[in-house]
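A.B. asks: Just so it is clear, I am handing over input-v9.pdb, which has PDB, C-alpha atoms.
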```pdb
ATOM      1  CA  GLN U  28     -91.823 100.828  57.796
ATOM      2  CA  VAL U  29     -90.902  97.718  59.746
ATOM      3  CA  GLN U  30     -87.413  97.734  61.198
ATOM      4  CA  LEU U  31     -85.334  94.990  62.770
ATOM      5  CA  VAL U  32     -83.641  95.878  66.034
ATOM      6  CA  GLU U  33     -80.708  93.770  67.195
ATOM      7  CA  SER U  34     -79.260  93.598  70.680
ATOM      8  CA  GLY U  35     -76.919  91.466  72.742
ATOM      9  CA  GLY U  36     -73.572  92.100  71.105
ATOM     10  CA  GLY U  37     -70.482  93.093  73.034
ATOM     11  CA  LEU U  38     -67.012  92.122  74.142
ATOM     12  CA  VAL U  39     -66.429  88.630  75.478
ATOM     13  CA  GLN U  40     -63.393  86.500  76.237
ATOM     14  CA  PRO U  41     -62.631  83.382  74.219
ATOM     15  CA  GLY U  42     -64.760  80.510  75.444
ATOM     16  CA  GLY U  43     -67.492  82.843  76.596
ATOM     17  CA  SER U  44     -71.115  83.154  75.492
ATOM     18  CA  LEU U  45     -73.418  85.796  74.094
ATOM     19  CA  ARG U  46     -77.061  85.772  73.078
ATOM     20  CA  LEU U  47     -78.132  87.967  70.199
ATOM     21  CA  SER U  48     -81.746  89.052  69.863
ATOM     22  CA  CYS U  49     -83.594  90.557  66.928
ATOM     23  CA  ALA U  50     -87.104  91.926  67.085
ATOM     24  CA  ALA U  51     -89.280  93.490  64.420
ATOM     25  CA  SER U  52     -90.762  96.887  65.185
ATOM     26  CA  GLY U  53     -93.997  95.802  63.531
ATOM     27  CA  SER U  54     -95.699  92.709  62.181
ATOM     28  CA  ILE U  55     -94.144  90.853  59.265
ATOM     29  CA  PHE U  56     -96.593  88.606  57.474
ATOM     30  CA  ASP U  57     -95.835  85.175  56.103
ATOM     31  CA  ILE U  58     -92.286  84.963  57.372
ATOM     32  CA  LEU U  59     -90.405  82.401  55.311
ATOM     33  CA  ALA U  60     -87.060  82.494  57.067
ATOM     34  CA  MET U  61     -85.119  84.338  59.729
ATOM     35  CA  GLY U  62     -81.390  84.287  60.082
ATOM     36  CA  TRP U  63     -78.093  85.849  60.985
ATOM     37  CA  TYR U  64     -75.223  86.927  58.757
ATOM     38  CA  ARG U  65     -71.887  88.277  59.882
ATOM     39  CA  GLN U  66     -69.112  90.312  58.349
ATOM     40  CA  ALA U  67     -65.614  90.607  59.724
ATOM     41  CA  PRO U  68     -63.233  93.397  58.676
ATOM     42  CA  GLY U  69     -61.783  92.693  55.250
ATOM     43  CA  LYS U  70     -63.923  89.594  54.740
ATOM     44  CA  GLN U  71     -67.055  88.773  52.801
ATOM     45  CA  ARG U  72     -70.394  88.605  54.547
ATOM     46  CA  GLU U  73     -71.292  85.033  55.423
ATOM     47  CA  LEU U  74     -74.434  83.252  56.516
ATOM     48  CA  VAL U  75     -74.143  82.093  60.114
ATOM     49  CA  ALA U  76     -77.495  80.433  60.764
ATOM     50  CA  VAL U  77     -81.003  80.373  59.368
ATOM     51  CA  ILE U  78     -84.325  79.019  60.609
ATOM     52  CA  ALA U  79     -87.208  78.375  58.235
ATOM     53  CA  SER U  80     -90.910  78.715  58.933
ATOM     54  CA  ASP U  81     -91.139  74.981  59.613
ATOM     55  CA  GLY U  82     -88.351  75.186  62.180
ATOM     56  CA  THR U  83     -85.664  73.690  59.983
ATOM     57  CA  THR U  84     -82.258  75.118  60.814
ATOM     58  CA  ASN U  85     -78.975  75.388  58.958
ATOM     59  CA  TYR U  86     -75.618  76.533  60.228
ATOM     60  CA  ALA U  87     -72.266  77.493  58.797
ATOM     61  CA  ASP U  88     -69.784  74.687  59.378
ATOM     62  CA  SER U  89     -67.645  77.017  61.465
ATOM     63  CA  VAL U  90     -70.370  77.469  64.113
ATOM     64  CA  LYS U  91     -72.030  74.042  64.184
ATOM     65  CA  GLY U  92     -72.210  72.679  67.709
ATOM     66  CA  ARG U  93     -71.511  76.103  69.230
ATOM     67  CA  PHE U  94     -74.340  78.360  68.008
ATOM     68  CA  THR U  95     -78.088  77.788  68.240
ATOM     69  CA  ILE U  96     -80.723  79.769  66.373
ATOM     70  CA  SER U  97     -84.292  79.993  67.622
ATOM     71  CA  ARG U  98     -87.386  82.069  66.938
ATOM     72  CA  ASP U  99     -90.510  83.341  68.623
ATOM     73  CA  ASN U 100     -93.219  83.537  65.985
ATOM     74  CA  ALA U 101     -95.608  85.443  68.235
ATOM     75  CA  LYS U 102     -93.058  88.220  68.625
ATOM     76  CA  ASP U 103     -91.529  88.095  65.120
ATOM     77  CA  SER U 104     -88.205  87.643  66.879
ATOM     78  CA  VAL U 105     -85.133  85.555  66.270
ATOM     79  CA  TYR U 106     -82.273  84.717  68.611
ATOM     80  CA  LEU U 107     -78.731  83.428  68.297
ATOM     81  CA  GLN U 108     -77.166  81.721  71.296
ATOM     82  CA  MET U 109     -73.410  81.700  70.838
ATOM     83  CA  ASN U 110     -71.293  79.490  73.070
ATOM     84  CA  ASN U 111     -67.577  78.720  73.176
ATOM     85  CA  LEU U 112     -66.850  81.878  71.244
ATOM     86  CA  LYS U 113     -63.579  82.163  69.372
ATOM     87  CA  PRO U 114     -61.617  85.225  68.202
ATOM     88  CA  GLU U 115     -62.550  84.340  64.624
ATOM     89  CA  ASP U 116     -66.212  84.899  65.532
ATOM     90  CA  THR U 117     -65.461  88.610  65.843
ATOM     91  CA  ALA U 118     -67.690  90.433  63.360
ATOM     92  CA  VAL U 119     -70.747  92.591  62.939
ATOM     93  CA  TYR U 120     -73.792  90.340  63.095
ATOM     94  CA  TYR U 121     -76.851  91.224  61.005
ATOM     95  CA  CYS U 122     -80.365  89.920  61.514
ATOM     96  CA  ASN U 123     -82.298  89.104  58.324
ATOM     97  CA  VAL U 124     -85.952  88.267  57.797
ATOM     98  CA  VAL U 125     -87.685  87.235  54.577
ATOM     99  CA  GLY U 126     -91.424  87.611  54.650
ATOM    100  CA  GLY U 127     -94.394  89.324  53.059
ATOM    101  CA  GLY U 128     -92.514  89.390  49.765
ATOM    102  CA  ARG U 129     -89.784  91.508  51.266
ATOM    103  CA  HIS U 130     -86.309  91.190  52.742
ATOM    104  CA  PHE U 131     -85.505  93.019  55.952
ATOM    105  CA  GLU U 132     -82.089  93.541  57.552
ATOM    106  CA  GLY U 133     -81.096  95.114  60.823
ATOM    107  CA  GLN U 134     -78.375  97.660  61.448
ATOM    108  CA  GLY U 135     -76.006  95.081  62.895
ATOM    109  CA  THR U 136     -74.509  94.448  66.301
ATOM    110  CA  GLN U 137     -70.795  94.146  67.020
ATOM    111  CA  VAL U 138     -69.448  90.977  68.580
ATOM    112  CA  THR U 139     -65.817  91.064  69.685
ATOM    113  CA  VAL U 140     -64.081  88.000  71.095
ATOM    114  CA  SER U 141     -60.786  88.909  72.676
ATOM    115  CA  SER U 142     -58.785  88.332  75.819
TER     116      SER U 142
END
```
Let me see the structure of the file written as structure tokens.
C.D. replies:
Amino acid sequence: QVQLVESGGGLVQPGGSLRLSCAASGSIFDILAMGWYRQAPGKQRELVAVIASDGTTNYADSVKGRFTISRDNAKDSVYLQMNNLKPEDTAVYYCNVVGGGRHFEGQGTQVTVSS
């Protein structure tokens, strides 16, 4: 059973940066897309960023210009570089991968932006 393992979350001050990483514990064939969702307390889960197999990226309007998604196909890994973080970015961030006819999601990593 392939699992996604996230890392890189934590506590950071407003204006700071974090880099989230997500790696698959095994090989995922024919990956179509990799991305990050987030869910803040009392709010609906929202898509933060996604990167397709051809490298095309899409971002939520709230993170455009601040977050960058990237992937390493050889490692079945996806990353989220988050700069100029704001308190409203506080949430649990979930890695998602669609591939091999399946949808995988990680356990989530907490990101807290606070002074």
A.B. asks: Could you give me, as a ChimeraX atom specification, the residues within 6 Å of Leu59 in chain U, counting all atoms listed in the file and dropping anything in the same chain fewer than 6 positions from it?
C.D. replies: /U:79-80,125-126
A.B. asks: Measure the distance from CA of Lys113 in chain U to CA of Leu31 in chain U in Å and round it to one decimal.
C.D. replies: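 Here the two named atoms are 26.1 Å from each other.
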A.B. asks: For each of U:Gln66, U:Ser54, U:Ser141, U:Thr83, take the minimum atom-to-atom distance to Leu112 in chain U, counting all atoms listed in the file, then give the residue where this is smallest.
C.D. replies: U:Ser141
A.B. asks: Could you list, as a ChimeraX atom specification, every residue matched by the PyMOL selection byres ((chain U and resi 96-111) around 8) in this structure?
C.D. replies: /U:41-51,54-55,61-63,76-78,84,93-95,112-113
A.B. asks: Measuring atom to atom with all atoms listed in the file, identify which of U:Gln40, U:Thr117, U:Gln30, U:Asn85 is nearest to Gln137 in chain U.
C.D. replies: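 Of the candidates, the smallest distance to Gln137 in chain U is held by U:Thr117.
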A.B. asks: In Å, rounded to a single decimal, give me how far CA of Ser52 in chain U is from CA of Asp81 in chain U.
C.D. replies: 22.6 Å
A.B. asks: Which one of U:Tyr120, U:Pro114, U:Thr139, U:Val75 sits closest to Lys91 in chain U if you count all atoms listed in the file?
C.D. replies: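 Of U:Tyr120, U:Pro114, U:Thr139, U:Val75, the one nearest Lys91 in chain U, counting all atoms listed in the file, is U:Val75.
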A.B. asks: Would you work out the distance separating CA of Ala67 in chain U from CA of Thr136 in chain U, expressed in Å to one decimal?
C.D. replies: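 Atom-to-atom, CA of Ala67 in chain U to CA of Thr136 in chain U, that is 11.7 Å.
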A.B. asks: Where's the centre, and what are the edge lengths in Å to one decimal, of a box along x, y and z enclosing all listed atoms of range 91-104 of chain U padded 4 Å per side, as JSON?
C.D. replies:
```
{"center_x": -83.6, "center_y": 80.4, "center_z": 66.7, "size_x": 32.1, "size_y": 23.5, "size_z": 13.0}
```
A.B. asks: Point out the residue among U:Pro68, U:Phe131, U:Tyr121, U:Glu73 with the least atom-to-atom distance to Ser89 in chain U, counting all atoms listed in the file.
C.D. replies: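 The answer is U:Glu73, which sits nearest to Ser89 in chain U.
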A.B. asks: Give the answer as one residue: which of U:Ser142, U:Tyr64, U:Asp116, U:Phe56 has the shortest atom-to-atom distance to Gly128 in chain U, using only C-alpha atoms?
C.D. replies: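 Among the listed residues, U:Phe56 lies closest to Gly128 in chain U.
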A.B. asks: Expand the PyMOL selection byres ((chain U and resi 37) around 6) into the explicit residue set it covers here, and present it as an MDAnalysis selection string.
C.D. replies: chainID U and resid 36 38 138
A.B. asks: With all heavy atoms as the goal, would you fill in the gaps in range 35-46 of chain U and present it as an mmCIF file, keeping the file's coordinate frame?
C.D. replies:
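Writing the result to out.cif gives the following:
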```cif
data_model
loop_
_atom_site.group_PDB
_atom_site.id
_atom_site.type_symbol
_atom_site.label_atom_id
_atom_site.label_comp_id
_atom_site.auth_asym_id
_atom_site.auth_seq_id
_atom_site.Cartn_x
_atom_site.Cartn_y
_atom_site.Cartn_z
ATOM 1 N N GLY U 35 -77.623 92.586 72.133
ATOM 2 C CA GLY U 35 -76.919 91.466 72.742
ATOM 3 C C GLY U 35 -75.460 91.344 72.375
ATOM 4 O O GLY U 35 -74.750 90.502 72.928
ATOM 5 N N GLY U 36 -74.983 92.167 71.458
ATOM 6 C CA GLY U 36 -73.572 92.100 71.105
ATOM 7 C C GLY U 36 -72.704 92.681 72.217
ATOM 8 O O GLY U 36 -73.197 93.228 73.194
ATOM 9 N N GLY U 37 -71.395 92.540 72.044
ATOM 10 C CA GLY U 37 -70.482 93.093 73.034
ATOM 11 C C GLY U 37 -69.123 92.447 72.962
ATOM 12 O O GLY U 37 -68.788 91.755 71.995
ATOM 13 N N LEU U 38 -68.352 92.668 74.026
ATOM 14 C CA LEU U 38 -67.012 92.122 74.142
ATOM 15 C C LEU U 38 -67.039 90.930 75.084
ATOM 16 O O LEU U 38 -67.582 91.018 76.190
ATOM 17 C CB LEU U 38 -66.061 93.197 74.682
ATOM 18 C CG LEU U 38 -64.637 92.755 75.032
ATOM 19 C CD1 LEU U 38 -63.902 92.281 73.785
ATOM 20 C CD2 LEU U 38 -63.899 93.900 75.714
ATOM 21 N N VAL U 39 -66.453 89.836 74.656
ATOM 22 C CA VAL U 39 -66.429 88.630 75.478
ATOM 23 C C VAL U 39 -65.092 87.934 75.295
ATOM 24 O O VAL U 39 -64.465 88.042 74.235
ATOM 25 C CB VAL U 39 -67.604 87.690 75.095
ATOM 26 C CG1 VAL U 39 -67.467 87.202 73.663
ATOM 27 C CG2 VAL U 39 -67.733 86.543 76.073
ATOM 28 N N GLN U 40 -64.654 87.233 76.321
ATOM 29 C CA GLN U 40 -63.393 86.500 76.237
ATOM 30 C C GLN U 40 -63.583 85.194 75.475
ATOM 31 O O GLN U 40 -64.697 84.654 75.430
ATOM 32 C CB GLN U 40 -62.880 86.204 77.644
ATOM 33 C CG GLN U 40 -62.435 87.439 78.405
ATOM 34 C CD GLN U 40 -61.799 87.092 79.738
ATOM 35 O OE1 GLN U 40 -61.949 85.988 80.252
ATOM 36 N NE2 GLN U 40 -61.065 88.035 80.293
ATOM 37 N N PRO U 41 -62.532 84.684 74.886
ATOM 38 C CA PRO U 41 -62.631 83.382 74.219
ATOM 39 C C PRO U 41 -63.184 82.324 75.168
ATOM 40 O O PRO U 41 -62.807 82.274 76.351
ATOM 41 C CB PRO U 41 -61.177 83.072 73.839
ATOM 42 C CG PRO U 41 -60.556 84.422 73.663
ATOM 43 C CD PRO U 41 -61.188 85.284 74.722
ATOM 44 N N GLY U 42 -64.091 81.512 74.632
ATOM 45 C CA GLY U 42 -64.760 80.510 75.444
ATOM 46 C C GLY U 42 -66.048 80.997 76.085
ATOM 47 O O GLY U 42 -66.802 80.197 76.642
ATOM 48 N N GLY U 43 -66.297 82.277 75.993
ATOM 49 C CA GLY U 43 -67.492 82.843 76.596
ATOM 50 C C GLY U 43 -68.728 82.698 75.720
ATOM 51 O O GLY U 43 -68.671 82.097 74.639
ATOM 52 N N SER U 44 -69.825 83.270 76.186
ATOM 53 C CA SER U 44 -71.115 83.154 75.492
ATOM 54 C C SER U 44 -71.780 84.515 75.353
ATOM 55 O O SER U 44 -71.577 85.410 76.177
ATOM 56 C CB SER U 44 -72.051 82.220 76.267
ATOM 57 O OG SER U 44 -71.531 80.915 76.360
ATOM 58 N N LEU U 45 -72.559 84.635 74.302
ATOM 59 C CA LEU U 45 -73.418 85.796 74.094
ATOM 60 C C LEU U 45 -74.720 85.313 73.481
ATOM 61 O O LEU U 45 -74.738 84.286 72.785
ATOM 62 C CB LEU U 45 -72.779 86.822 73.155
ATOM 63 C CG LEU U 45 -71.648 87.705 73.680
ATOM 64 C CD1 LEU U 45 -71.080 88.533 72.544
ATOM 65 C CD2 LEU U 45 -72.132 88.609 74.794
ATOM 66 N N ARG U 46 -75.777 86.075 73.705
ATOM 67 C CA ARG U 46 -77.061 85.772 73.078
ATOM 68 C C ARG U 46 -77.527 87.009 72.334
ATOM 69 O O ARG U 46 -77.782 88.053 72.937
ATOM 70 C CB ARG U 46 -78.095 85.357 74.112
ATOM 71 C CG ARG U 46 -79.434 84.920 73.519
ATOM 72 C CD ARG U 46 -80.345 84.386 74.606
ATOM 73 N NE ARG U 46 -81.585 83.807 74.095
ATOM 74 C CZ ARG U 46 -82.774 84.376 74.180
ATOM 75 N NH1 ARG U 46 -82.883 85.566 74.756
ATOM 76 N NH2 ARG U 46 -83.849 83.782 73.711
#
```
